[in-house]
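Raw model-v8.cif, mmCIF, C-alpha atoms:
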```cif
data_final
#
loop_
_atom_site.label_atom_id
_atom_site.label_comp_id
_atom_site.auth_asym_id
_atom_site.auth_seq_id
_atom_site.Cartn_x
_atom_site.Cartn_y
_atom_site.Cartn_z
CA MET A 28 -71.91 197.44 165.49
CA ILE A 29 -70.93 200.59 163.60
CA GLU A 30 -73.96 202.47 164.90
CA ARG A 31 -73.04 201.52 168.47
CA LEU A 32 -69.52 202.85 167.99
CA ILE A 33 -70.86 206.09 166.52
CA ASN A 34 -73.37 206.51 169.37
CA TRP A 35 -70.61 205.85 171.90
CA TYR A 36 -68.40 208.44 170.21
CA VAL A 37 -71.25 211.00 170.12
CA GLY A 38 -71.87 210.45 173.82
CA LEU A 39 -68.17 210.90 174.50
CA LEU A 40 -68.17 214.22 172.65
CA SER A 41 -71.31 215.38 174.49
CA GLY A 42 -69.65 214.64 177.81
CA THR A 43 -66.91 217.15 177.04
CA GLY A 44 -69.43 219.99 177.28
CA MET A 45 -68.91 221.34 173.72
CA SER A 46 -71.79 222.77 171.72
CA ASP A 47 -74.01 220.56 169.56
CA GLY A 48 -72.80 222.21 166.35
CA MET A 49 -69.16 221.64 167.19
CA GLY A 50 -69.94 218.07 168.24
CA ILE A 51 -71.63 217.29 164.91
CA PHE A 52 -68.72 218.86 163.00
CA ILE A 53 -66.11 216.82 164.89
CA GLU A 54 -68.25 213.67 164.51
CA ASN A 55 -68.54 214.07 160.72
CA ALA A 56 -64.87 215.03 160.37
CA THR A 57 -63.85 211.97 162.38
CA ILE A 58 -66.03 209.64 160.29
CA ILE A 59 -64.63 211.13 157.07
CA VAL A 60 -61.05 210.73 158.27
CA VAL A 61 -61.70 207.16 159.48
CA THR A 62 -63.38 206.30 156.16
CA ILE A 63 -60.42 207.67 154.19
CA LEU A 64 -57.96 205.82 156.39
CA LEU A 65 -59.93 202.58 156.08
CA ALA A 66 -60.12 203.00 152.29
CA LEU A 67 -56.36 203.63 152.11
CA LEU A 68 -55.73 200.68 154.42
CA ALA A 69 -57.91 198.41 152.29
CA ASP A 70 -56.15 199.60 149.15
CA PHE A 71 -52.76 198.97 150.78
CA ILE A 72 -53.69 195.51 152.04
CA VAL A 73 -55.17 194.40 148.72
CA LYS A 74 -52.44 195.81 146.46
CA ARG A 75 -49.33 195.49 148.62
CA VAL A 76 -50.15 192.25 150.37
CA ILE A 77 -52.74 190.17 148.53
CA ILE A 78 -51.84 191.09 144.93
CA SER A 79 -48.10 190.97 145.64
CA SER A 80 -48.58 187.50 147.10
CA ILE A 81 -50.59 186.41 144.07
CA ALA A 82 -47.89 187.76 141.70
CA ALA A 83 -45.17 185.92 143.64
CA LEU A 84 -47.23 182.73 143.64
CA THR A 85 -47.85 182.82 139.89
CA LYS A 86 -44.12 183.01 139.20
CA ARG A 87 -43.62 179.72 141.03
CA THR A 88 -46.31 177.80 139.14
CA LYS A 89 -45.60 175.90 135.93
CA ASN A 90 -48.69 177.21 134.16
CA ASP A 91 -48.46 180.28 131.95
CA TRP A 92 -52.10 181.32 132.12
CA ASP A 93 -51.82 182.80 135.63
CA ASP A 94 -48.86 184.90 134.50
CA VAL A 95 -51.02 186.24 131.68
CA PHE A 96 -53.72 187.30 134.15
CA VAL A 97 -51.10 189.17 136.18
CA LYS A 98 -49.67 190.75 133.02
CA GLN A 99 -53.12 191.96 131.96
CA LYS A 100 -53.57 193.53 135.46
CA VAL A 101 -56.76 191.62 136.23
CA PHE A 102 -56.06 191.54 139.98
CA ASN A 103 -54.79 195.14 140.07
CA ARG A 104 -58.02 196.42 138.59
CA LEU A 105 -60.11 194.19 140.83
CA ALA A 106 -58.33 195.75 143.84
CA HIS A 107 -60.00 199.11 143.12
CA LEU A 108 -63.28 197.66 144.40
CA ALA A 109 -62.08 197.37 148.01
CA PRO A 110 -61.82 201.11 148.84
CA ALA A 111 -64.93 201.83 146.77
CA LEU A 112 -66.99 199.40 148.83
CA ILE A 113 -65.81 201.00 152.08
CA VAL A 114 -66.70 204.48 150.83
CA TYR A 115 -70.10 203.29 149.54
CA TYR A 116 -71.17 201.73 152.86
CA SER A 117 -69.81 204.66 154.87
CA LEU A 118 -71.77 207.39 153.10
CA GLN A 119 -74.90 206.92 155.23
CA TYR A 120 -72.87 207.55 158.37
CA ILE A 121 -71.06 210.63 157.02
CA PHE A 122 -73.95 212.64 155.61
CA GLU A 123 -77.49 213.03 156.91
CA ALA A 124 -79.03 214.55 153.77
CA GLU A 125 -80.69 211.65 151.96
CA LYS A 126 -80.39 213.23 148.52
CA LEU A 127 -76.67 213.84 148.97
CA VAL A 128 -76.15 210.28 150.17
CA ASP A 129 -78.08 208.96 147.14
CA PHE A 130 -76.11 211.16 144.73
CA LEU A 131 -72.71 210.17 146.13
CA GLY A 132 -73.89 206.55 146.33
CA ASN A 133 -74.80 206.65 142.64
CA LEU A 134 -71.36 208.04 141.78
CA THR A 135 -69.71 205.28 143.80
CA GLN A 136 -71.85 202.62 142.15
CA THR A 137 -70.96 204.03 138.75
CA TYR A 138 -67.29 203.84 139.65
CA MET A 139 -67.66 200.21 140.78
CA ILE A 140 -69.49 199.28 137.56
CA LEU A 141 -66.69 200.84 135.51
CA VAL A 142 -64.12 198.94 137.59
CA VAL A 143 -65.98 195.67 136.96
CA LEU A 144 -66.03 196.46 133.22
CA MET A 145 -62.27 197.08 133.30
CA VAL A 146 -61.79 193.75 135.10
CA ILE A 147 -63.92 191.93 132.52
CA ASP A 148 -61.95 193.65 129.74
CA SER A 149 -58.68 192.45 131.27
CA VAL A 150 -60.02 188.92 131.73
CA LEU A 151 -61.09 188.75 128.08
CA ASN A 152 -57.70 190.10 126.94
CA ALA A 153 -55.97 187.49 129.08
CA MET A 154 -58.14 184.70 127.68
CA HIS A 155 -57.37 185.88 124.14
CA GLU A 156 -53.65 185.94 124.85
CA ILE A 157 -53.79 182.45 126.35
CA TYR A 158 -55.75 181.22 123.32
CA MET A 159 -53.18 182.66 120.90
CA LYS A 160 -50.51 180.50 122.57
CA LEU A 161 -52.47 177.30 121.92
CA PRO A 162 -51.89 175.21 118.76
CA ILE A 163 -55.60 175.46 117.87
CA SER A 164 -55.21 179.23 117.40
CA GLN A 165 -53.22 178.68 114.20
CA GLY A 166 -55.65 179.54 111.44
CA ARG A 167 -58.47 180.57 113.80
CA ASN A 168 -58.44 184.18 114.92
CA ILE A 169 -61.03 184.98 117.62
CA LYS A 170 -60.23 188.65 118.15
CA GLY A 171 -63.52 189.63 116.50
CA TYR A 172 -65.49 187.38 118.87
CA ILE A 173 -63.68 188.84 121.88
CA GLN A 174 -64.61 192.33 120.73
CA VAL A 175 -68.26 191.32 120.36
CA VAL A 176 -68.30 189.93 123.91
CA LYS A 177 -66.75 193.19 125.13
CA ILE A 178 -69.44 195.20 123.37
CA ILE A 179 -72.13 193.08 125.04
CA PHE A 180 -70.62 193.67 128.50
CA TYR A 181 -70.11 197.40 127.80
CA THR A 182 -73.75 197.66 126.74
CA MET A 183 -74.85 195.89 129.91
CA GLY A 184 -72.65 198.26 131.94
CA ILE A 185 -74.20 201.31 130.30
CA ILE A 186 -77.68 199.93 131.03
CA LEU A 187 -76.74 199.36 134.69
CA ILE A 188 -75.36 202.91 135.01
CA ILE A 189 -78.53 204.34 133.49
CA SER A 190 -80.55 202.15 135.86
CA VAL A 191 -78.62 203.54 138.86
CA TYR A 192 -79.49 207.16 138.00
CA SER A 193 -82.99 206.62 136.60
CA GLY A 194 -84.29 204.25 139.24
CA GLU A 195 -85.63 201.91 136.55
CA THR A 196 -84.80 198.22 136.65
CA PRO A 197 -82.34 196.89 134.04
CA LYS A 198 -85.12 194.64 132.71
CA ALA A 199 -87.33 197.64 131.98
CA LEU A 200 -84.45 199.42 130.27
CA MET A 201 -83.73 196.34 128.15
CA ALA A 202 -87.33 196.46 126.93
CA GLY A 203 -86.74 200.07 125.88
CA VAL A 204 -83.56 199.05 124.06
CA GLY A 205 -85.63 196.62 122.01
CA ALA A 206 -87.64 199.56 120.67
CA MET A 207 -84.39 201.21 119.60
CA ALA A 208 -83.18 198.13 117.71
CA ALA A 209 -83.55 199.81 114.31
CA VAL A 210 -81.47 202.79 115.44
CA LEU A 211 -78.85 200.51 116.98
CA MET A 212 -78.62 198.46 113.78
CA LEU A 213 -78.02 201.67 111.83
CA VAL A 214 -75.38 202.91 114.27
CA PHE A 215 -73.63 199.53 114.56
CA LYS A 216 -74.05 198.51 110.92
CA ASP A 217 -70.30 198.14 110.32
CA THR A 218 -69.89 196.26 113.60
CA ILE A 219 -72.65 193.80 112.72
CA LEU A 220 -71.27 193.27 109.21
CA GLY A 221 -67.78 192.89 110.65
CA PHE A 222 -68.97 190.31 113.16
CA VAL A 223 -70.65 188.20 110.48
CA ALA A 224 -67.58 188.56 108.26
CA SER A 225 -65.29 187.53 111.12
CA ILE A 226 -67.27 184.31 111.54
CA GLN A 227 -66.98 183.53 107.84
CA LEU A 228 -63.28 184.38 107.68
CA SER A 229 -62.54 182.20 110.68
CA ALA A 230 -64.80 179.30 109.73
CA ASN A 231 -63.53 179.14 106.14
CA LYS A 232 -59.91 179.96 107.05
CA MET A 233 -59.86 182.67 104.40
CA VAL A 234 -57.25 184.90 106.03
CA ASN A 235 -55.16 184.91 109.21
CA VAL A 236 -52.62 187.18 110.84
CA GLY A 237 -49.31 186.73 109.02
CA ASP A 238 -50.85 185.89 105.63
CA TRP A 239 -49.68 187.80 102.57
CA ILE A 240 -52.73 189.22 100.80
CA SER A 241 -53.21 191.69 97.98
CA MET A 242 -56.30 193.80 97.38
CA PRO A 243 -55.63 196.55 94.79
CA LYS A 244 -58.90 198.37 95.50
CA TYR A 245 -57.61 199.28 98.98
CA ASN A 246 -53.95 199.62 97.92
CA ALA A 247 -53.16 196.60 100.10
CA ASP A 248 -50.30 194.27 99.23
CA GLY A 249 -48.43 192.84 102.19
CA ASP A 250 -48.73 190.92 105.45
CA VAL A 251 -51.85 190.94 107.63
CA ILE A 252 -50.82 192.31 111.03
CA ASP A 253 -54.20 192.58 112.75
CA ILE A 254 -57.77 191.31 112.30
CA SER A 255 -60.35 193.10 114.39
CA LEU A 256 -64.12 193.30 114.38
CA ASN A 257 -64.32 196.21 111.94
CA THR A 258 -60.96 196.37 110.16
CA VAL A 259 -58.11 194.28 108.86
CA LYS A 260 -54.69 195.97 108.89
CA VAL A 261 -52.15 195.09 106.20
CA GLN A 262 -48.55 196.23 106.32
CA ASN A 263 -47.54 196.82 102.72
CA TRP A 264 -44.06 196.07 101.43
CA ASP A 265 -43.27 199.80 101.49
CA LYS A 266 -44.09 199.70 105.25
CA THR A 267 -47.31 201.70 104.88
CA ILE A 268 -50.43 200.41 106.64
CA ALA A 269 -53.56 199.70 104.59
CA THR A 270 -56.87 199.35 106.42
CA ILE A 271 -59.58 197.15 104.90
CA PRO A 272 -63.14 196.76 106.24
CA THR A 273 -63.49 193.21 107.53
CA TYR A 274 -66.68 192.59 105.59
CA ALA A 275 -64.92 193.64 102.35
CA LEU A 276 -62.82 190.47 102.52
CA VAL A 277 -66.04 188.46 102.25
CA SER A 278 -68.02 190.59 99.81
CA GLU A 279 -65.11 191.34 97.45
CA SER A 280 -62.23 189.38 95.93
CA PHE A 281 -58.65 189.39 97.18
CA ASN A 282 -55.55 187.25 96.70
CA ASN A 283 -54.14 185.25 99.59
CA TRP A 284 -50.59 184.10 98.85
CA LYS A 285 -50.45 181.65 101.76
CA GLY A 286 -50.88 178.72 99.38
CA MET A 287 -47.77 179.83 97.52
CA GLU A 288 -45.83 180.20 100.77
CA ASP A 289 -46.92 176.76 101.96
CA SER A 290 -46.02 175.16 98.63
CA GLY A 291 -42.32 175.91 99.05
CA GLY A 292 -41.99 177.72 95.71
CA ARG A 293 -42.82 181.01 94.03
CA ARG A 294 -43.98 181.18 90.45
CA ILE A 295 -41.94 182.74 87.66
CA LYS A 296 -44.19 183.47 84.69
CA ARG A 297 -42.67 185.72 82.08
CA SER A 298 -42.17 185.64 78.33
CA ILE A 299 -39.95 187.20 75.67
CA ASN A 300 -41.11 187.96 72.14
CA ILE A 301 -39.12 186.34 69.35
CA ASP A 302 -38.94 187.96 65.90
CA MET A 303 -40.58 185.29 63.76
CA ASN A 304 -38.48 186.34 60.76
CA SER A 305 -35.42 184.97 62.56
CA VAL A 306 -36.86 181.42 62.92
CA THR A 307 -35.04 179.05 60.50
CA PHE A 308 -33.88 175.47 60.07
CA LEU A 309 -30.42 174.66 61.40
CA ASP A 310 -27.65 174.03 58.87
CA GLU A 311 -24.69 171.74 59.49
CA ALA A 312 -22.48 174.55 60.78
CA GLN A 313 -25.09 175.65 63.29
CA ILE A 314 -25.70 172.07 64.42
CA GLU A 315 -21.99 171.56 64.95
CA LYS A 316 -21.70 174.81 66.92
CA LEU A 317 -24.70 174.12 69.14
CA GLY A 318 -23.60 170.50 69.59
CA ASN A 319 -20.64 171.83 71.55
CA PHE A 320 -22.99 173.29 74.17
CA HIS A 321 -22.82 171.07 77.22
CA LEU A 322 -26.57 171.34 77.85
CA LEU A 323 -27.43 170.47 74.22
CA LYS A 324 -24.86 167.77 73.41
CA ASP A 325 -27.05 164.77 74.20
CA TYR A 326 -30.21 166.40 72.85
CA ILE A 327 -28.72 167.23 69.43
CA SER A 328 -27.09 163.81 69.10
CA ASN A 329 -30.33 161.97 69.87
CA LYS A 330 -32.44 164.35 67.80
CA GLN A 331 -30.23 163.91 64.73
CA LYS A 332 -30.55 160.13 64.96
CA GLU A 333 -34.33 160.38 65.38
CA ILE A 334 -34.71 162.71 62.39
CA ALA A 335 -32.36 160.64 60.23
CA GLU A 336 -34.32 157.45 60.93
CA TYR A 337 -37.63 159.18 60.24
CA ASN A 338 -36.46 160.69 56.95
CA LYS A 339 -34.94 157.36 55.96
CA SER A 340 -38.26 155.62 56.56
CA LEU A 341 -39.80 158.03 54.03
CA GLN A 342 -36.90 157.43 51.62
CA LEU A 343 -36.08 161.11 51.49
CA GLU A 344 -32.79 162.46 50.27
CA GLU A 345 -30.53 164.08 52.83
CA GLY A 346 -31.00 167.84 52.93
CA THR A 347 -34.62 167.71 51.75
CA VAL A 348 -36.65 170.36 53.51
CA THR A 349 -40.16 169.53 52.34
CA ASN A 350 -41.89 166.42 53.66
CA GLY A 351 -38.98 165.55 55.95
CA ARG A 352 -37.99 166.78 59.37
CA LYS A 353 -35.20 169.16 60.33
CA MET A 354 -34.11 170.87 63.52
CA THR A 355 -35.02 174.54 63.98
CA ASN A 356 -33.14 177.18 65.88
CA LEU A 357 -36.28 178.04 67.88
CA GLY A 358 -36.99 174.46 68.92
CA THR A 359 -33.36 173.96 69.89
CA PHE A 360 -33.41 177.21 71.85
CA ARG A 361 -36.54 176.09 73.71
CA LYS A 362 -34.84 172.80 74.60
CA TYR A 363 -31.78 174.73 75.76
CA LEU A 364 -33.94 176.80 78.11
CA GLU A 365 -35.49 173.62 79.56
CA GLU A 366 -32.07 172.10 80.22
CA TYR A 367 -30.74 175.37 81.61
CA LEU A 368 -33.65 175.72 84.04
CA GLN A 369 -33.59 172.04 85.05
CA HIS A 370 -29.95 172.43 86.02
CA HIS A 371 -30.55 175.74 87.80
CA PRO A 372 -30.06 175.19 91.56
CA MET A 373 -32.83 177.63 92.54
CA ILE A 374 -35.56 176.28 90.23
CA SER A 375 -37.86 173.53 91.49
CA ASN A 376 -38.21 170.46 89.25
CA GLU A 377 -41.02 169.06 91.41
CA MET A 378 -43.56 171.79 90.61
CA THR A 379 -45.08 172.95 87.32
CA PHE A 380 -42.25 173.32 84.78
CA LEU A 381 -42.98 174.71 81.32
CA VAL A 382 -41.12 176.43 78.50
CA ARG A 383 -43.80 177.03 75.89
CA HIS A 384 -44.94 179.05 72.87
CA LEU A 385 -47.90 181.39 73.25
CA GLN A 386 -50.21 182.67 70.53
CA PRO A 387 -48.18 184.68 67.96
CA THR A 388 -49.12 188.35 67.75
CA ASP A 389 -48.03 191.41 65.83
CA LYS A 390 -45.37 191.76 68.52
CA GLY A 391 -43.76 188.45 67.63
CA LEU A 392 -43.87 184.93 69.04
CA PRO A 393 -43.90 184.86 72.87
CA VAL A 394 -41.75 182.14 74.45
CA GLU A 395 -42.91 181.82 78.04
CA ILE A 396 -41.02 180.48 81.02
CA TYR A 397 -43.40 179.04 83.62
CA VAL A 398 -41.45 177.61 86.55
CA PHE A 399 -41.20 177.95 90.33
CA SER A 400 -38.36 179.45 92.33
CA LYS A 401 -37.28 177.59 95.48
CA ASP A 402 -36.62 180.89 97.26
CA GLN A 403 -39.78 182.84 98.13
CA ALA A 404 -38.10 185.93 99.61
CA TRP A 405 -39.04 188.87 97.40
CA ALA A 406 -35.54 190.27 96.82
CA ASN A 407 -34.03 186.82 96.18
CA TYR A 408 -36.92 185.82 93.93
CA GLU A 409 -36.52 188.94 91.80
CA ALA A 410 -32.76 188.37 91.56
CA ILE A 411 -33.25 184.76 90.39
CA GLN A 412 -35.84 185.84 87.82
CA ALA A 413 -33.60 188.63 86.54
CA ASP A 414 -30.59 186.31 86.22
CA ILE A 415 -32.61 183.82 84.17
CA PHE A 416 -33.80 186.42 81.70
CA ASP A 417 -30.42 188.13 81.54
CA HIS A 418 -28.97 184.82 80.42
CA THR A 419 -31.90 184.11 78.07
CA LEU A 420 -31.53 187.43 76.24
CA ALA A 421 -27.75 187.11 76.06
CA ILE A 422 -27.80 183.56 74.62
CA LEU A 423 -30.39 184.28 71.89
CA PRO A 424 -27.83 185.45 69.24
CA GLU A 425 -26.05 182.08 69.56
CA PHE A 426 -29.18 180.53 68.02
CA ASP A 427 -29.43 183.25 65.35
CA LEU A 428 -32.69 184.42 66.94
CA HIS A 429 -33.71 188.03 67.51
CA VAL A 430 -35.91 189.62 70.14
CA PHE A 431 -38.82 191.64 68.78
CA GLN A 432 -39.13 195.17 70.05
CA SER A 433 -40.82 198.24 68.62
CA PRO A 434 -38.34 200.47 66.74
CA SER A 435 -37.24 203.66 68.44
CA GLY A 436 -35.86 206.92 67.15
CA GLY A 437 -32.33 205.56 67.36
CA ASP A 438 -33.25 202.62 65.08
CA PHE A 439 -34.59 204.96 62.40
CA GLN A 440 -31.52 207.15 62.69
CA LYS A 441 -29.29 204.13 61.99
CA LEU A 442 -31.30 203.36 58.85
CA VAL A 443 -30.84 206.91 57.62
CA GLU A 444 -27.12 206.81 58.26
#
```
Rewrite the structure of this file - the entire thing - as structure tokens.
Amino acid sequence: MIERLINWYVGLLSGTGMSDGMGIFIENATIIVVTILLALLADFIVKRVIISSIAALTKRTKNDWDDVFVKQKVFNRLAHLAPALIVYYSLQYIFEAEKLVDFLGNLTQTYMILVVLMVIDSVLNAMHEIYMKLPISQGRNIKGYIQVVKIIFYTMGIILIISVYSGETPKALMAGVGAMAAVLMLVFKDTILGFVASIQLSANKMVNVGDWISMPKYNADGDVIDISLNTVKVQNWDKTIATIPTYALVSESFNNWKGMEDSGGRRIKRSINIDMNSVTFLDEAQIEKLGNFHLLKDYISNKQKEIAEYNKSLQLEEGTVTNGRKMTNLGTFRKYLEEYLQHHPMISNEMTFLVRHLQPTDKGLPVEIYVFSKDQAWANYEAIQADIFDHTLAILPEFDLHVFQSPSGGDFQKLVE
């Protein structure tokens, strides 16, 4: 059909009496202009009519997935094929030189392959975005798999482009790629390791976007904001971005604080060192004073009765220190801390709750508070922890206990004075 139209047009030009050279020039110029106009018309029809209609149609549907395909410009990129196809099939009618037609045809084919790769890229991005909106995506990041699929398609595209210019079939080129496997493994070592690591991270639910992880080796301590094939990005609390190789999360150790976040509490584990020389039995005056503490009233009353009955069973005289039992300022202080923390509105009583002694050292006797804050927010957590220890240090003198700390120059100066 096209050849008939061209022959008719050539005959029409010949009938005008113009020279053969001028006729050929006008013929080629006309074909070029018509090709350009047809390409522009195809581009207009596809983009302005078909794609606009598709975009309008997707807005009316209840599904979200079609909107994602429009957002990722799948159809817009696919539209680039229409003018390319017109140009490709028109080349043989524009130019007579076979080599020139082959060269321009190869360029057009390369362009169409790249367009197809861009379309596939958009489709994969759209599928990933749709997946991330599904409930199953929670705890299963597939970005690494998407990137692997992209690499496979990009590799196939490169092989096709090479095949276009070399004249070899893609199958023959694939056989040659097999011989280069060792080189490819060396070049894509990190990608291969990252792919394997991505599978392990996803299968074992080791880390997901949004998790708080810490990895001191890479100066990472913050929220995971992206997991890709080769790297994991962590936004630290100081807003810097730390980049960790994906395979490092499998081959090395790191802390994932998601368990803490899911538990509903955040651990407070801190101790103060008590000067062991200040630990004594309570006398009557001290017992009376501490008995007025609201948090200790019931404890001291019950403890006195318990000790009195025990000492009576041993027929010990009142006030006897040896063999019998007496209350100590340290034990009473520890009980006070338990009552204080149990009544604290921001301390959980449903999780591990300990006020304990640690192994005495040359720095004194550590009394450790091991509890969980109900508020996990960093600033609030630190404020709660600080308030607890402010109160603990301030109340110590009421029990005639002293905090141990290494003497400073000011302490020695006071001794001299």
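Comparing the minimum interatomic distances between Ser225 in chain A and each of A:Thr307, A:Ser400, A:Thr258, A:Ser164, counting all atoms listed in the file, we find that A:Thr258 sits nearest.
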(message) Excluding range 94-96 of chain A and its own-chain neighbours fewer than 4 positions away, which residues fall within 12 Å of it when counting all atoms listed in the file? Please give them as a ChimeraX atom specification.
(response) /A:78,81-90,100-105,146-160
(request) Grab the CA of Leu256 in chain A to CA of Phe222 in chain A distance for me, in Å with one decimal place. (result) 5.8 Å
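Checking A:Met287, A:Ala109, A:Ile252, A:Leu309 one by one against Ala404 in chain A, counting all atoms listed in the file, you find the shortest gap at A:Met287.
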(request) I need the residue set behind the PyMOL selection byres ((chain A and resi 250) around 7) for this file; please write it as a list in words. (result) Gly237, Asp238, Trp239, Ile240, Gly249, Val251, Ile252, Val261, Gln262 and Asn263 of chain A
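Once the PyMOL selection byres ((chain A and resi 275) around 10) is applied to the depicted file, the selected set reads A:Leu220, A:Gly221, A:Ala224, A:Met242, A:Tyr245, A:Asn257, A:Thr258, A:Val259, A:Ile271, A:Pro272, A:Thr273, A:Tyr274, A:Leu276, A:Val277, A:Ser278, A:Glu279, A:Ser280, A:Phe281.
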(message) Set the distance at 12 Å and use all atoms listed in the file: which residues neighbour Pro372 in chain A once local chain neighbours fewer than 2 positions away are removed? I'd like the list as a VMD selection string.
(response) chain A and resid 366 to 370 374 to 376 399 to 402 411 415
(request) Would you kindly identify which residues have an atom no farther than 6 Å from (-40.9, 179.2, 84.9), using all atoms listed in the file and the file's own coordinates, and write them out as an MDAnalysis selection string? (result) chainID A and resid 295:296 396:399
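Here the question is which of A:Ala247, A:Ile178, A:Ile173, A:Val191 gets nearest to Ile226 in chain A using all atoms listed in the file, and that residue is A:Ile173.
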